[in-house]
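Enquirer: Below you'll find input.cif; it's mmCIF, C-alpha atoms and all ligand atoms.
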data_data
loop_
_atom_site.label_atom_id
_atom_site.label_comp_id
_atom_site.auth_asym_id
_atom_site.auth_seq_id
_atom_site.Cartn_x
_atom_site.Cartn_y
_atom_site.Cartn_z
CA MET A 245 5.75 20.84 6.49
CA ARG A 246 4.78 20.96 2.77
CA VAL A 247 4.40 17.28 1.86
CA LEU A 248 3.82 15.61 -1.51
CA VAL A 249 2.14 12.20 -1.20
CA THR A 250 2.34 10.06 -4.34
CA GLY A 251 -0.37 7.41 -4.64
CA SER A 252 -2.67 9.65 -2.58
CA ASP A 253 -5.73 8.17 -4.28
CA GLY A 254 -4.93 4.54 -3.42
CA TYR A 255 -5.97 2.34 -0.49
CA ILE A 256 -3.37 3.70 1.96
CA GLY A 257 -2.90 7.13 0.40
CA ALA A 258 -6.60 7.99 0.67
CA VAL A 259 -6.30 7.58 4.46
CA LEU A 260 -2.72 8.80 4.92
CA ALA A 261 -2.90 12.08 2.96
CA PRO A 262 -5.92 13.45 4.91
CA ALA A 263 -4.39 12.18 8.18
CA LEU A 264 -1.16 14.10 7.55
CA GLN A 265 -3.19 17.15 6.58
CA ALA A 266 -5.24 16.87 9.78
CA ALA A 267 -1.95 16.67 11.71
CA GLY A 268 -1.07 20.14 10.43
CA HIS A 269 0.97 19.42 7.30
CA GLU A 270 0.24 21.11 4.00
CA VAL A 271 -0.41 18.07 1.80
CA THR A 272 -0.66 17.72 -1.98
CA GLY A 273 -1.29 14.43 -3.77
CA ILE A 274 -0.19 12.96 -7.09
CA ASP A 275 -1.78 9.86 -8.55
CA ALA A 276 -2.36 8.23 -11.94
CA GLY A 277 -5.94 7.49 -10.86
CA PHE A 278 -5.93 3.73 -11.63
CA HIS A 279 -8.25 2.94 -8.72
CA SER A 280 -10.30 6.09 -8.22
CA ALA A 281 -13.54 4.21 -8.84
CA CYS A 282 -12.78 1.68 -6.10
CA GLN A 283 -15.27 2.82 -3.50
CA PHE A 284 -18.25 1.05 -1.94
CA ALA A 285 -20.48 4.08 -2.06
CA ALA A 286 -20.12 7.80 -2.71
CA VAL A 287 -17.37 9.05 -0.43
CA PRO A 288 -16.89 12.69 0.49
CA SER A 289 -14.25 14.32 -1.66
CA SER A 290 -10.79 14.29 -0.09
CA PRO A 291 -9.65 17.50 1.55
CA VAL A 292 -6.29 16.94 -0.17
CA GLN A 293 -5.74 18.44 -3.61
CA THR A 294 -4.66 15.69 -6.00
CA PHE A 295 -2.89 16.15 -9.34
CA TRP A 296 -3.62 13.39 -11.85
CA LYS A 297 -0.13 12.58 -13.02
CA ASP A 298 1.98 9.48 -13.61
CA THR A 299 5.18 9.22 -11.56
CA ARG A 300 7.02 8.36 -14.79
CA ASP A 301 6.28 11.91 -15.97
CA ILE A 302 7.17 13.89 -12.86
CA GLU A 303 9.34 16.92 -13.59
CA PRO A 304 11.50 18.98 -11.22
CA GLU A 305 8.90 21.77 -11.13
CA ASP A 306 6.35 19.30 -9.68
CA LEU A 307 8.59 18.98 -6.62
CA GLU A 308 9.56 22.58 -6.07
CA GLY A 309 8.65 23.99 -2.66
CA PHE A 310 8.07 20.64 -0.94
CA GLN A 311 10.03 19.73 2.18
CA ALA A 312 9.04 16.06 2.03
CA VAL A 313 7.89 13.39 -0.40
CA VAL A 314 6.01 10.32 0.84
CA HIS A 315 6.22 7.82 -2.01
CA LEU A 316 3.48 5.21 -2.29
CA ALA A 317 2.60 5.25 -6.02
CA GLU A 318 3.65 1.88 -7.37
CA LEU A 319 2.05 -1.32 -8.65
CA SER A 320 1.18 -2.34 -5.18
CA ASN A 321 1.35 -6.06 -4.57
CA ASP A 322 2.99 -9.29 -5.61
CA PRO A 323 0.34 -10.56 -8.11
CA LEU A 324 0.02 -7.11 -9.71
CA GLY A 325 3.78 -6.99 -10.18
CA GLU A 326 3.60 -10.27 -12.12
CA ILE A 327 1.25 -8.87 -14.84
CA ASP A 328 4.34 -7.57 -16.59
CA PRO A 329 7.64 -7.66 -14.69
CA ALA A 330 9.16 -5.12 -17.13
CA LEU A 331 6.40 -2.67 -16.27
CA THR A 332 6.95 -3.29 -12.60
CA GLU A 333 10.59 -2.43 -13.11
CA ALA A 334 9.67 0.74 -15.04
CA ILE A 335 7.23 2.04 -12.41
CA ASN A 336 8.40 0.49 -9.12
CA LEU A 337 12.13 0.83 -9.71
CA ARG A 338 13.08 3.30 -12.46
CA ALA A 339 10.35 5.90 -11.81
CA THR A 340 10.92 5.57 -8.06
CA ALA A 341 14.71 5.98 -8.29
CA ARG A 342 14.29 8.93 -10.66
CA LEU A 343 11.75 10.55 -8.32
CA ALA A 344 14.19 10.29 -5.39
CA GLN A 345 17.00 11.81 -7.50
CA LEU A 346 14.76 14.68 -8.63
CA ALA A 347 13.64 15.23 -5.03
CA ARG A 348 17.22 15.57 -3.83
CA ARG A 349 18.10 17.86 -6.71
CA THR A 350 15.14 20.18 -6.09
CA GLY A 351 15.86 20.55 -2.37
CA VAL A 352 13.27 18.18 -0.89
CA ARG A 353 14.76 17.16 2.45
CA ARG A 354 12.82 14.10 3.65
CA PHE A 355 11.96 11.17 1.33
CA LEU A 356 9.80 8.49 2.94
CA TYR A 357 9.50 5.32 0.87
CA PHE A 358 6.80 2.67 1.34
CA SER A 359 8.54 -0.66 0.93
CA SER A 360 7.21 -4.01 2.12
CA CYS A 361 8.05 -6.90 4.44
CA SER A 362 7.45 -8.94 1.28
CA VAL A 363 11.18 -8.43 0.60
CA TYR A 364 11.85 -11.17 3.21
CA GLY A 365 9.96 -13.55 0.93
CA LYS A 366 10.68 -17.09 1.95
CA ALA A 367 12.20 -16.91 5.41
CA SER A 368 12.57 -19.34 8.29
CA ASP A 369 10.38 -19.16 11.42
CA GLU A 370 13.00 -16.86 13.01
CA LEU A 371 12.07 -13.18 13.32
CA CYS A 372 13.49 -11.14 10.39
CA THR A 373 15.19 -7.91 11.40
CA GLU A 374 16.17 -5.06 9.11
CA SER A 375 19.60 -6.67 8.68
CA SER A 376 18.27 -10.14 7.77
CA PRO A 377 18.93 -11.15 4.17
CA ALA A 378 16.14 -10.43 1.72
CA HIS A 379 14.70 -13.37 -0.23
CA PRO A 380 12.35 -11.67 -2.68
CA GLN A 381 10.12 -14.16 -4.49
CA THR A 382 8.38 -11.86 -6.97
CA ALA A 383 9.05 -9.00 -9.40
CA TYR A 384 7.30 -6.70 -6.91
CA ALA A 385 9.56 -7.67 -4.01
CA ARG A 386 12.72 -7.58 -6.15
CA ALA A 387 11.85 -4.05 -7.29
CA LYS A 388 11.24 -3.01 -3.65
CA CYS A 389 14.73 -4.28 -2.68
CA LEU A 390 16.41 -2.46 -5.55
CA SER A 391 14.46 0.76 -4.99
CA GLU A 392 15.37 0.78 -1.30
CA GLY A 393 19.06 0.60 -2.27
CA ALA A 394 18.75 3.32 -4.94
CA ILE A 395 16.96 5.68 -2.53
CA LEU A 396 19.18 5.10 0.50
CA SER A 397 22.35 5.59 -1.56
CA LEU A 398 21.30 9.24 -2.00
CA ALA A 399 21.47 10.00 1.75
CA GLY A 400 23.55 13.06 2.61
CA PRO A 401 23.62 16.13 4.84
CA ASP A 402 20.73 17.76 2.91
CA PHE A 403 18.77 14.66 1.91
CA CYS A 404 17.20 12.32 4.42
CA PRO A 405 15.73 9.18 2.86
CA VAL A 406 13.83 6.74 5.12
CA VAL A 407 12.39 3.34 4.23
CA LEU A 408 9.35 1.75 5.89
CA ARG A 409 9.08 -1.99 5.23
CA ASN A 410 5.37 -2.32 5.88
CA ALA A 411 3.51 -5.34 7.18
CA THR A 412 0.38 -6.36 5.25
CA VAL A 413 -2.30 -3.76 5.85
CA PHE A 414 -5.94 -4.30 6.90
CA GLY A 415 -8.89 -2.07 7.65
CA PRO A 416 -11.20 0.36 5.86
CA SER A 417 -10.32 3.03 3.30
CA PRO A 418 -12.31 5.19 0.87
CA ARG A 419 -10.36 3.32 -1.87
CA MET A 420 -11.01 -0.15 -0.57
CA ARG A 421 -9.02 -3.30 -1.30
CA LEU A 422 -10.42 -6.79 -0.76
CA ASP A 423 -7.28 -8.55 -2.06
CA LEU A 424 -5.44 -8.13 1.26
CA VAL A 425 -5.62 -11.18 3.47
CA LEU A 426 -7.68 -9.98 6.43
CA ASN A 427 -9.98 -7.77 4.33
CA ASN A 428 -10.50 -10.68 1.94
CA LEU A 429 -11.32 -13.27 4.63
CA ALA A 430 -13.71 -10.82 6.32
CA ALA A 431 -15.50 -10.17 3.01
CA LEU A 432 -15.80 -13.93 2.38
CA ALA A 433 -17.20 -14.43 5.89
CA PHE A 434 -19.74 -11.65 5.45
CA LEU A 435 -20.91 -12.57 1.96
CA GLU A 436 -20.42 -16.33 1.74
CA GLY A 437 -20.52 -17.50 5.35
CA GLU A 438 -17.20 -19.28 4.94
CA ILE A 439 -13.68 -18.12 5.75
CA ARG A 440 -11.99 -19.82 2.81
CA MET A 441 -8.21 -19.76 2.88
CA VAL A 442 -6.29 -20.20 -0.38
CA SER A 443 -3.54 -22.12 1.40
CA ASP A 444 -3.27 -24.58 4.27
CA GLY A 445 -2.94 -21.51 6.50
CA SER A 446 0.62 -22.20 7.63
CA PRO A 447 2.49 -19.17 6.10
CA TRP A 448 3.41 -16.31 8.43
CA ARG A 449 2.26 -12.74 7.70
CA PRO A 450 2.77 -9.70 9.89
CA LEU A 451 -0.26 -7.39 9.81
CA ILE A 452 -0.85 -3.70 10.54
CA HIS A 453 -4.06 -1.66 10.74
CA ILE A 454 -4.23 1.14 8.17
CA ARG A 455 -4.60 3.85 10.84
CA ASP A 456 -1.61 2.46 12.77
CA LEU A 457 0.43 2.57 9.56
CA CYS A 458 -0.52 6.21 9.02
CA ARG A 459 0.63 7.02 12.57
CA ALA A 460 3.94 5.21 11.97
CA ALA A 461 4.42 7.12 8.70
CA GLN A 462 3.80 10.41 10.50
CA LEU A 463 6.40 9.48 13.14
CA ALA A 464 8.94 8.65 10.41
CA LEU A 465 8.15 11.89 8.60
CA GLU A 466 8.53 14.10 11.67
CA ALA A 467 11.48 12.39 13.42
CA PRO A 468 14.78 14.30 13.56
CA ASP A 469 17.12 13.63 10.62
CA GLU A 470 19.78 12.02 12.82
CA ILE A 471 17.37 9.28 13.97
CA VAL A 472 16.08 8.24 10.56
CA ARG A 473 18.54 9.36 7.84
CA GLY A 474 19.37 6.39 5.59
CA GLU A 475 17.50 3.96 7.87
CA VAL A 476 15.18 1.05 7.12
CA PHE A 477 12.37 0.35 9.61
CA ASN A 478 10.20 -2.73 9.59
CA CYS A 479 6.78 -1.19 10.12
CA GLY A 480 4.38 -3.16 12.25
CA ASP A 481 4.27 -4.68 15.72
CA THR A 482 6.07 -7.86 16.79
CA SER A 483 2.88 -9.03 18.55
CA ALA A 484 1.06 -8.94 15.19
CA ASN A 485 2.85 -11.81 13.41
CA TYR A 486 0.15 -14.31 12.49
CA ARG A 487 -0.07 -17.53 10.57
CA ILE A 488 -2.81 -17.19 7.94
CA ARG A 489 -4.93 -19.71 9.87
CA GLU A 490 -4.66 -17.49 12.95
CA ILE A 491 -5.89 -14.52 10.90
CA ALA A 492 -8.83 -16.71 9.84
CA VAL A 493 -9.61 -17.39 13.51
CA CYS A 494 -9.52 -13.63 14.29
CA VAL A 495 -12.04 -13.14 11.46
CA GLN A 496 -14.17 -15.99 12.82
CA GLU A 497 -14.40 -14.19 16.20
CA ALA A 498 -16.14 -11.33 14.35
CA PHE A 499 -18.32 -13.74 12.32
CA PRO A 500 -18.97 -16.58 14.82
CA SER A 501 -21.45 -18.43 12.60
CA CYS A 502 -18.86 -18.86 9.83
CA ARG A 503 -16.57 -21.84 9.54
CA VAL A 504 -12.91 -21.71 8.57
CA VAL A 505 -12.17 -23.76 5.44
CA PRO A 506 -8.50 -24.58 4.79
CA GLY A 507 -7.20 -24.66 1.22
CA ALA A 508 -4.56 -26.87 -0.35
CA PRO A 509 -0.87 -26.17 0.30
CA ASN A 510 -0.07 -23.21 -1.94
CA PRO A 511 2.86 -22.94 -4.39
CA ASP A 512 3.20 -19.33 -3.11
CA GLN A 513 6.35 -19.69 -1.01
CA ARG A 514 6.06 -16.38 0.86
CA SER A 515 6.21 -16.73 4.63
CA TYR A 516 7.94 -14.35 7.01
CA ARG A 517 7.84 -13.45 10.73
CA VAL A 518 9.22 -10.02 11.42
CA SER A 519 10.74 -8.14 14.36
CA PHE A 520 9.44 -4.59 14.78
CA GLU A 521 11.67 -3.73 17.72
CA LYS A 522 13.63 -1.05 15.85
CA ILE A 523 10.59 1.11 15.04
CA ARG A 524 9.37 0.63 18.62
CA SER A 525 12.62 1.60 20.27
CA ARG A 526 13.70 4.41 17.89
CA LEU A 527 10.34 5.97 16.97
CA GLY A 528 8.19 4.81 19.90
CA PHE A 529 5.71 3.10 17.58
CA GLN A 530 3.36 0.42 18.87
CA ALA A 531 0.19 -0.78 17.17
CA ARG A 532 -3.15 0.14 18.73
CA TYR A 533 -5.40 -2.20 16.74
CA THR A 534 -5.32 -6.00 16.68
CA ALA A 535 -6.45 -8.20 13.81
CA SER A 536 -9.55 -9.17 15.83
CA GLU A 537 -10.51 -5.52 16.29
CA GLY A 538 -9.92 -4.89 12.60
CA ALA A 539 -12.22 -7.79 11.64
CA ALA A 540 -14.97 -6.51 13.97
CA GLU A 541 -14.63 -3.01 12.48
CA LEU A 542 -14.93 -4.38 8.95
CA ARG A 543 -18.04 -6.37 9.89
CA GLU A 544 -19.72 -3.19 11.12
CA ILE A 545 -18.78 -1.34 7.91
CA PHE A 546 -19.80 -4.22 5.61
CA GLU A 547 -23.21 -4.33 7.34
CA ARG A 548 -23.72 -0.59 7.14
CA LEU A 549 -22.86 -0.11 3.46
CA PRO A 550 -23.71 -2.98 2.81
CA LEU A 551 -21.01 -5.00 1.02
CA GLN A 552 -22.66 -6.80 -1.94
CA PRO A 553 -21.89 -10.18 -3.57
CA ILE A 554 -20.89 -8.33 -6.75
CA HIS A 555 -18.03 -6.76 -4.81
CA LEU A 556 -16.33 -10.15 -4.53
CA ARG A 557 -16.99 -11.06 -8.16
CA ASP A 558 -16.08 -7.91 -10.04
CA SER A 559 -12.81 -6.05 -10.27
CA LEU A 560 -13.33 -2.90 -8.22
CA PHE A 561 -11.60 -3.96 -5.04
CA PHE A 562 -9.01 -6.33 -6.54
CA ARG A 563 -5.97 -4.46 -7.86
CA CYS A 564 -4.84 -7.06 -10.40
CA ARG A 565 -8.32 -7.65 -11.84
CA ARG A 566 -8.92 -3.89 -12.05
CA ILE A 567 -5.76 -3.18 -14.04
CA ARG A 568 -6.45 -6.14 -16.36
CA GLN A 569 -10.00 -4.88 -16.90
CA LEU A 570 -8.90 -1.33 -17.71
CA ILE A 571 -6.50 -2.82 -20.29
CA ALA A 572 -9.16 -5.17 -21.72
CA GLU A 573 -11.58 -2.24 -22.08
CA GLY A 574 -8.92 -0.27 -23.95
CA ARG A 575 -8.85 2.44 -21.29
CA LEU A 576 -5.25 1.73 -20.33
CA ASP A 577 -2.67 0.63 -22.89
CA GLU A 578 -0.12 -2.14 -22.21
CA GLN A 579 2.22 0.43 -20.63
CA LEU A 580 -0.56 1.48 -18.24
CA ARG A 581 -1.00 4.81 -19.97
CA TRP A 582 -4.54 6.15 -20.22
CA THR A 583 -5.56 5.86 -23.84
CA ALA A 584 -6.59 8.80 -25.98
CA ARG A 585 -10.25 8.62 -24.95
CA ASP A 586 -9.46 9.02 -21.30
CA ALA A 587 -6.37 11.15 -21.69
CA ALA A 588 -8.24 13.72 -23.79
CA GLU A 589 -10.45 14.54 -20.84
CA TRP A 590 -7.61 14.45 -18.41
CA GLN A 591 -5.77 17.51 -17.16
CA PRO A 592 -2.34 16.09 -16.49
CA ALA A 593 -0.85 19.37 -15.37
CA GLY A 594 -3.57 20.31 -12.93
CA ALA A 595 -5.84 19.11 -10.21
CA SER A 596 -9.16 17.99 -11.62
CA ALA A 597 -12.38 17.15 -9.88
CA ALA A 598 -12.69 13.71 -11.43
CA SER A 599 -9.88 11.27 -12.12
CA PRO A 600 -9.74 9.32 -15.42
CA ASP A 601 -11.09 6.18 -13.74
CA GLN A 602 -14.20 7.96 -12.49
CA ARG A 603 -15.34 9.06 -15.91
N1 LIG A 701 -1.42 -2.44 1.19
C1 LIG A 701 -0.46 -3.14 1.77
O1 LIG A 701 -0.72 -4.14 2.48
C2 LIG A 701 0.98 -2.72 1.60
C3 LIG A 701 1.96 -3.41 2.33
C4 LIG A 701 3.29 -3.04 2.16
C5 LIG A 701 3.63 -2.01 1.29
N2 LIG A 701 2.66 -1.38 0.59
C6 LIG A 701 3.05 -0.30 -0.34
O2 LIG A 701 2.33 0.88 -0.04
C7 LIG A 701 2.07 1.61 -1.24
C8 LIG A 701 0.59 1.91 -1.35
O3 LIG A 701 -0.14 0.68 -1.35
P1 LIG A 701 -1.72 0.64 -1.50
O4 LIG A 701 -2.20 -0.59 -0.82
O5 LIG A 701 -2.32 1.94 -1.15
O6 LIG A 701 -1.85 0.40 -3.08
P2 LIG A 701 -2.97 0.91 -4.11
O7 LIG A 701 -2.79 0.11 -5.35
O8 LIG A 701 -4.29 0.94 -3.47
O9 LIG A 701 -2.52 2.42 -4.36
C9 LIG A 701 -1.44 2.75 -5.18
C10 LIG A 701 -1.78 4.07 -5.84
O10 LIG A 701 -0.68 4.44 -6.67
C11 LIG A 701 -1.17 4.86 -7.92
N3 LIG A 701 -0.15 4.57 -8.92
C12 LIG A 701 0.34 3.38 -9.32
N4 LIG A 701 1.25 3.54 -10.28
C13 LIG A 701 1.35 4.88 -10.48
C14 LIG A 701 2.14 5.68 -11.34
N5 LIG A 701 3.00 5.16 -12.23
N6 LIG A 701 1.99 7.02 -11.29
C15 LIG A 701 1.13 7.60 -10.41
N7 LIG A 701 0.34 6.88 -9.58
C16 LIG A 701 0.47 5.53 -9.62
C17 LIG A 701 -2.45 4.08 -8.16
O11 LIG A 701 -3.33 4.78 -9.03
C18 LIG A 701 -3.01 3.98 -6.74
O12 LIG A 701 -3.90 5.03 -6.46
C19 LIG A 701 2.62 0.76 -2.38
O13 LIG A 701 3.90 1.21 -2.71
C20 LIG A 701 2.69 -0.64 -1.76
O14 LIG A 701 3.68 -1.42 -2.38
C21 LIG A 701 1.34 -1.70 0.73
#
With the file now loaded, output its structure as structure tokens.
Ligand SMILES: NC(=O)c1ccc[n+]([C@@H]2O[C@H](COP(=O)([O-])OP(=O)(O)OC[C@H]3O[C@@H](n4cnc5c(N)ncnc54)[C@H](O)[C@@H]3O)[C@@H](O)[C@H]2O)c1

Expert:
Amino acid sequence: MRVLVTGSDGYIGAVLAPALQAAGHEVTGIDAGFHSACQFAAVPSSPVQTFWKDTRDIEPEDLEGFQAVVHLAELSNDPLGEIDPALTEAINLRATARLAQLARRTGVRRFLYFSSCSVYGKASDELCTESSPAHPQTAYARAKCLSEGAILSLAGPDFCPVVLRNATVFGPSPRMRLDLVLNNLAALAFLEGEIRMVSDGSPWRPLIHIRDLCRAAQLALEAPDEIVRGEVFNCGDTSANYRIREIAVCVQEAFPSCRVVPGAPNPDQRSYRVSFEKIRSRLGFQARYTASEGAAELREIFERLPLQPIHLRDSLFFRCRRIRQLIAEGRLDEQLRWTARDAAEWQPAGASAASPDQR
């Protein structure tokens, strides 16, 4: 299948796009390049051709010839969405809805959207299913809910939209993130010898390993239309619902000399336990990696690179800090457009060797 992956240069996209290509698909990427510099060390260039383009600027001709779009390119977590809720709406809702409309109009058949279990927001201890009410607590989660609706409303005989509501991801990527709970606690354990939670550890979070998520996305991409058309799938594994303090204990198993330090109760109200029975029964998806295995894998990688104290202090692996820094340095404007200096060197209509953020 000819597949366009948006956000192919982000944390998940940098693993997913090559994985889909290795599975035999003909993959092209599109990305604005906000996080292209976010790597521990030099990484081999991706086998996937990436076009440096903002999703707000996508035109019908960018989509011609593709059978599927896998849409990841958004401001990608709750704190980042709070930088400017209007911007979150522009990128995560309006550009996403427009992309889905253009895809349908240009004959793309499958549209796979990366939503988030964050839409459940503040839920009870009961397992949330796909039909549970959403309680979004942030601009990010509200935009995910609205985008899901806009995309699914386009379903028809020739257009097959599918939504994955992903659990929180962990594990390594060439475009690393240390602002995700397990990755963050593992980095703190490795560098500071303490697994410091920012809450009392009571909130629930379902987790999924990045390679498991890529396998689930491939299943959703390749499944027959009649199984997935217009469907929402929680994407994770019911056995991988953890309280934050349980995630800390999994990290401690990989770093036995480190102690777990609870934080104060957090005003962040997000807590959700999720049922992943639908994706298991309809698509046959089950996770292969546990949180403990993910923490042990990260320890091995952090030792090998090695991860440095600066990586916790600076902005490279923290999405919110990175965007704020690019704005403060005048490289991005307030609308998250590359400013003249960067844009002048950019080739928006073509694939270039270096993204704006690597210059
Ligand atoms: N990482 C998780 O735990 C998780 C969980 C649930 C859902 N998701 C969703 O998965 C998707 C990917 O997440 P991620 O962790 O890889 O995030 P990320 O921030 O690492 O990657 C997002 C990529 O999209 C690009 N991008 C952002 N806005 C863009 C725009 N307007 N035009 C073009 N490119 C743009 C960025 O440059 C970046 O490379 C997001 O939609 C996110 O909401 C992630």

Enquirer: Ranking A:Glu537, A:Glu374, A:Glu466, A:Asp423 by minimum distance to Cys404 in chain A and counting all atoms listed in the file, which one comes first?

Expert: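 Counting all atoms listed in the file, the residue closest to Cys404 in chain A is A:Glu466.
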
Enquirer: Let me see if you get this right: every residue at most 7 Å from ligand LIG 701 (chain A), counting only C-alpha atoms and all ligand atoms, written as an MDAnalysis selection string.

Expert: chainID A and resid 250:257 274:280 297:300 316:321 335 358:361 409:414 419 421 424 563

Enquirer: Could you give me, as a CSV table (one decimal) with C-alpha atoms, in the frame of the given file, the residues within 10 Å of Gly325 in chain A, counting all atoms listed in the file and dropping anything in the same chain fewer than 3 positions from it?

Expert:
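Printed below is result_31.csv as written:
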chain,number,residue,atom,x,y,z
A,318,GLU,CA,3.6,1.9,-7.4
A,319,LEU,CA,2.0,-1.3,-8.6
A,320,SER,CA,1.2,-2.3,-5.2
A,321,ASN,CA,1.4,-6.1,-4.6
A,322,ASP,CA,3.0,-9.3,-5.6
A,328,ASP,CA,4.3,-7.6,-16.6
A,329,PRO,CA,7.6,-7.7,-14.7
A,330,ALA,CA,9.2,-5.1,-17.1
A,331,LEU,CA,6.4,-2.7,-16.3
A,332,THR,CA,7.0,-3.3,-12.6
A,333,GLU,CA,10.6,-2.4,-13.1
A,335,ILE,CA,7.2,2.0,-12.4
A,336,ASN,CA,8.4,0.5,-9.1
A,382,THR,CA,8.4,-11.9,-7.0
A,383,ALA,CA,9.0,-9.0,-9.4
A,384,TYR,CA,7.3,-6.7,-6.9
A,385,ALA,CA,9.6,-7.7,-4.0
A,386,ARG,CA,12.7,-7.6,-6.2
A,387,ALA,CA,11.8,-4.0,-7.3
A,564,CYS,CA,-4.8,-7.1,-10.4

Enquirer: Could you state the separation of CA of Gly437 in chain A and CA of Pro511 in chain A in Å, given to one decimal place?

Expert: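 Separation of CA of Gly437 in chain A and CA of Pro511 in chain A: 25.9 Å.
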
Enquirer: Please determine the residues with any atom at most 10 Å from (-3.8, -6.6, 17.3) (coordinates as given in the file, with all atoms listed in the file counting) and report them as a ChimeraX atom specification.

Expert: /A:451-453,481-486,494,531-538

Enquirer: Find the residue from A:Leu408, A:Val518, A:Ala540, A:Ala344 that sits nearest to Arg449 in chain A; use only C-alpha atoms when measuring.

Expert: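 Checking each candidate against Arg449 in chain A, we get A:Val518 as the closest.
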
Enquirer: What is the distance, in Å and to one decimal place, between CA of Cys389 in chain A and CA of Val442 in chain A?

Expert: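 Computed distance, CA of Cys389 in chain A to CA of Val442 in chain A, equals 26.5 Å.
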
Enquirer: What is the CA of Ile471 in chain A-CA of Phe310 in chain A distance in Å, reported with one decimal?

Expert: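 Taking CA of Ile471 in chain A as the start and CA of Phe310 in chain A as the end point, the length is 20.9 Å.
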
Enquirer: So, with all atoms listed in the file as the atoms that count, which of A:Gly393, A:Pro377, A:Gly365, A:Pro405 lies closest to His315 in chain A?

Expert: A:Pro405

Enquirer: Counting all atoms listed in the file, which of A:Leu560, A:Leu580, A:Ala433, A:Leu422 gets nearest to Glu547 in chain A?

Expert: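 Closest residue, counting all atoms listed in the file: A:Ala433.
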
Enquirer: Nearest to Leu396 in chain A among A:Leu551, A:Val472, A:Val292, A:Leu576, with distances taken over all atoms listed in the file: which residue is it?

Expert: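 Of the candidates, the smallest distance to Leu396 in chain A is held by A:Val472.
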
Enquirer: Report as a VMD selection string all protein, DNA and RNA residues lying within 12 Å of Asp558 in chain A, evaluated on only C-alpha atoms, omitting residues in the same chain fewer than 3 positions from it.

Expert: chain A and resid 282 422 to 423 552 to 555 561 to 566 568 to 569

Enquirer: Quick one: of A:Ile302, A:Ile545, A:Ile567, A:Ala539, who's nearest to Pro323 in chain A, counting only C-alpha atoms?

Expert: A:Ile567

Enquirer: Taking (19.6, 17.7, 3.0) in the file's coordinates as the center, which residues reach within 8 Å of it, counting only C-alpha atoms, put as a short mmCIF file (atom, residue, chain, number, x, y, z; two decimals) with C-alpha atoms, keeping the file's coordinate frame?

Expert:
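Below is the file that was written, result_15.cif:
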data_model
loop_
_atom_site.label_atom_id
_atom_site.label_comp_id
_atom_site.auth_asym_id
_atom_site.auth_seq_id
_atom_site.Cartn_x
_atom_site.Cartn_y
_atom_site.Cartn_z
CA ARG A 348 17.22 15.57 -3.83
CA GLY A 351 15.86 20.55 -2.37
CA VAL A 352 13.27 18.18 -0.89
CA ARG A 353 14.76 17.16 2.45
CA ARG A 354 12.82 14.10 3.65
CA GLY A 400 23.55 13.06 2.61
CA PRO A 401 23.62 16.13 4.84
CA ASP A 402 20.73 17.76 2.91
CA PHE A 403 18.77 14.66 1.91
CA CYS A 404 17.20 12.32 4.42
#

Enquirer: Mind writing range 279-312 of chain A to a file for me, with C-alpha atoms, as a PDB file, in the first residue's frame?

Expert:
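Okay, selection_0.pdb is ready:
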ATOM      1  CA  HIS A 279      11.749  17.935  16.973  1.00  0.00           C
ATOM      2  CA  SER A 280      14.266  16.761  14.403  1.00  0.00           C
ATOM      3  CA  ALA A 281      17.173  17.620  16.687  1.00  0.00           C
ATOM      4  CA  CYS A 282      15.801  15.460  19.501  1.00  0.00           C
ATOM      5  CA  GLN A 283      18.254  12.605  19.346  1.00  0.00           C
ATOM      6  CA  PHE A 284      20.779  11.313  21.891  1.00  0.00           C
ATOM      7  CA  ALA A 285      23.497  10.755  19.340  1.00  0.00           C
ATOM      8  CA  ALA A 286      23.825  10.671  15.571  1.00  0.00           C
ATOM      9  CA  VAL A 287      21.182   8.291  14.284  1.00  0.00           C
ATOM     10  CA  PRO A 288      21.268   6.690  10.854  1.00  0.00           C
ATOM     11  CA  SER A 289      19.099   8.571   8.404  1.00  0.00           C
ATOM     12  CA  SER A 290      15.585   7.160   8.095  1.00  0.00           C
ATOM     13  CA  PRO A 291      14.905   4.957   5.094  1.00  0.00           C
ATOM     14  CA  VAL A 292      11.626   6.875   4.708  1.00  0.00           C
ATOM     15  CA  GLN A 293      11.578   9.973   2.512  1.00  0.00           C
ATOM     16  CA  THR A 294      10.211  12.893   4.520  1.00  0.00           C
ATOM     17  CA  PHE A 295       8.786  16.130   3.131  1.00  0.00           C
ATOM     18  CA  TRP A 296       9.205  19.112   5.452  1.00  0.00           C
ATOM     19  CA  LYS A 297       5.719  20.536   5.388  1.00  0.00           C
ATOM     20  CA  ASP A 298       3.156  21.806   7.878  1.00  0.00           C
ATOM     21  CA  THR A 299      -0.178  19.956   7.934  1.00  0.00           C
ATOM     22  CA  ARG A 300      -1.911  23.356   7.832  1.00  0.00           C
ATOM     23  CA  ASP A 301      -0.486  23.787   4.316  1.00  0.00           C
ATOM     24  CA  ILE A 302      -1.242  20.386   2.819  1.00  0.00           C
ATOM     25  CA  GLU A 303      -2.804  20.577  -0.630  1.00  0.00           C
ATOM     26  CA  PRO A 304      -4.738  17.927  -2.572  1.00  0.00           C
ATOM     27  CA  GLU A 305      -1.714  17.201  -4.771  1.00  0.00           C
ATOM     28  CA  ASP A 306       0.270  16.177  -1.652  1.00  0.00           C
ATOM     29  CA  LEU A 307      -2.199  13.319  -1.178  1.00  0.00           C
ATOM     30  CA  GLU A 308      -2.576  12.100  -4.730  1.00  0.00           C
ATOM     31  CA  GLY A 309      -1.674   8.453  -5.281  1.00  0.00           C
ATOM     32  CA  PHE A 310      -1.797   7.406  -1.620  1.00  0.00           C
ATOM     33  CA  GLN A 311      -4.094   4.599  -0.517  1.00  0.00           C
ATOM     34  CA  ALA A 312      -3.741   5.433   3.180  1.00  0.00           C
TER      35      ALA A 312
END
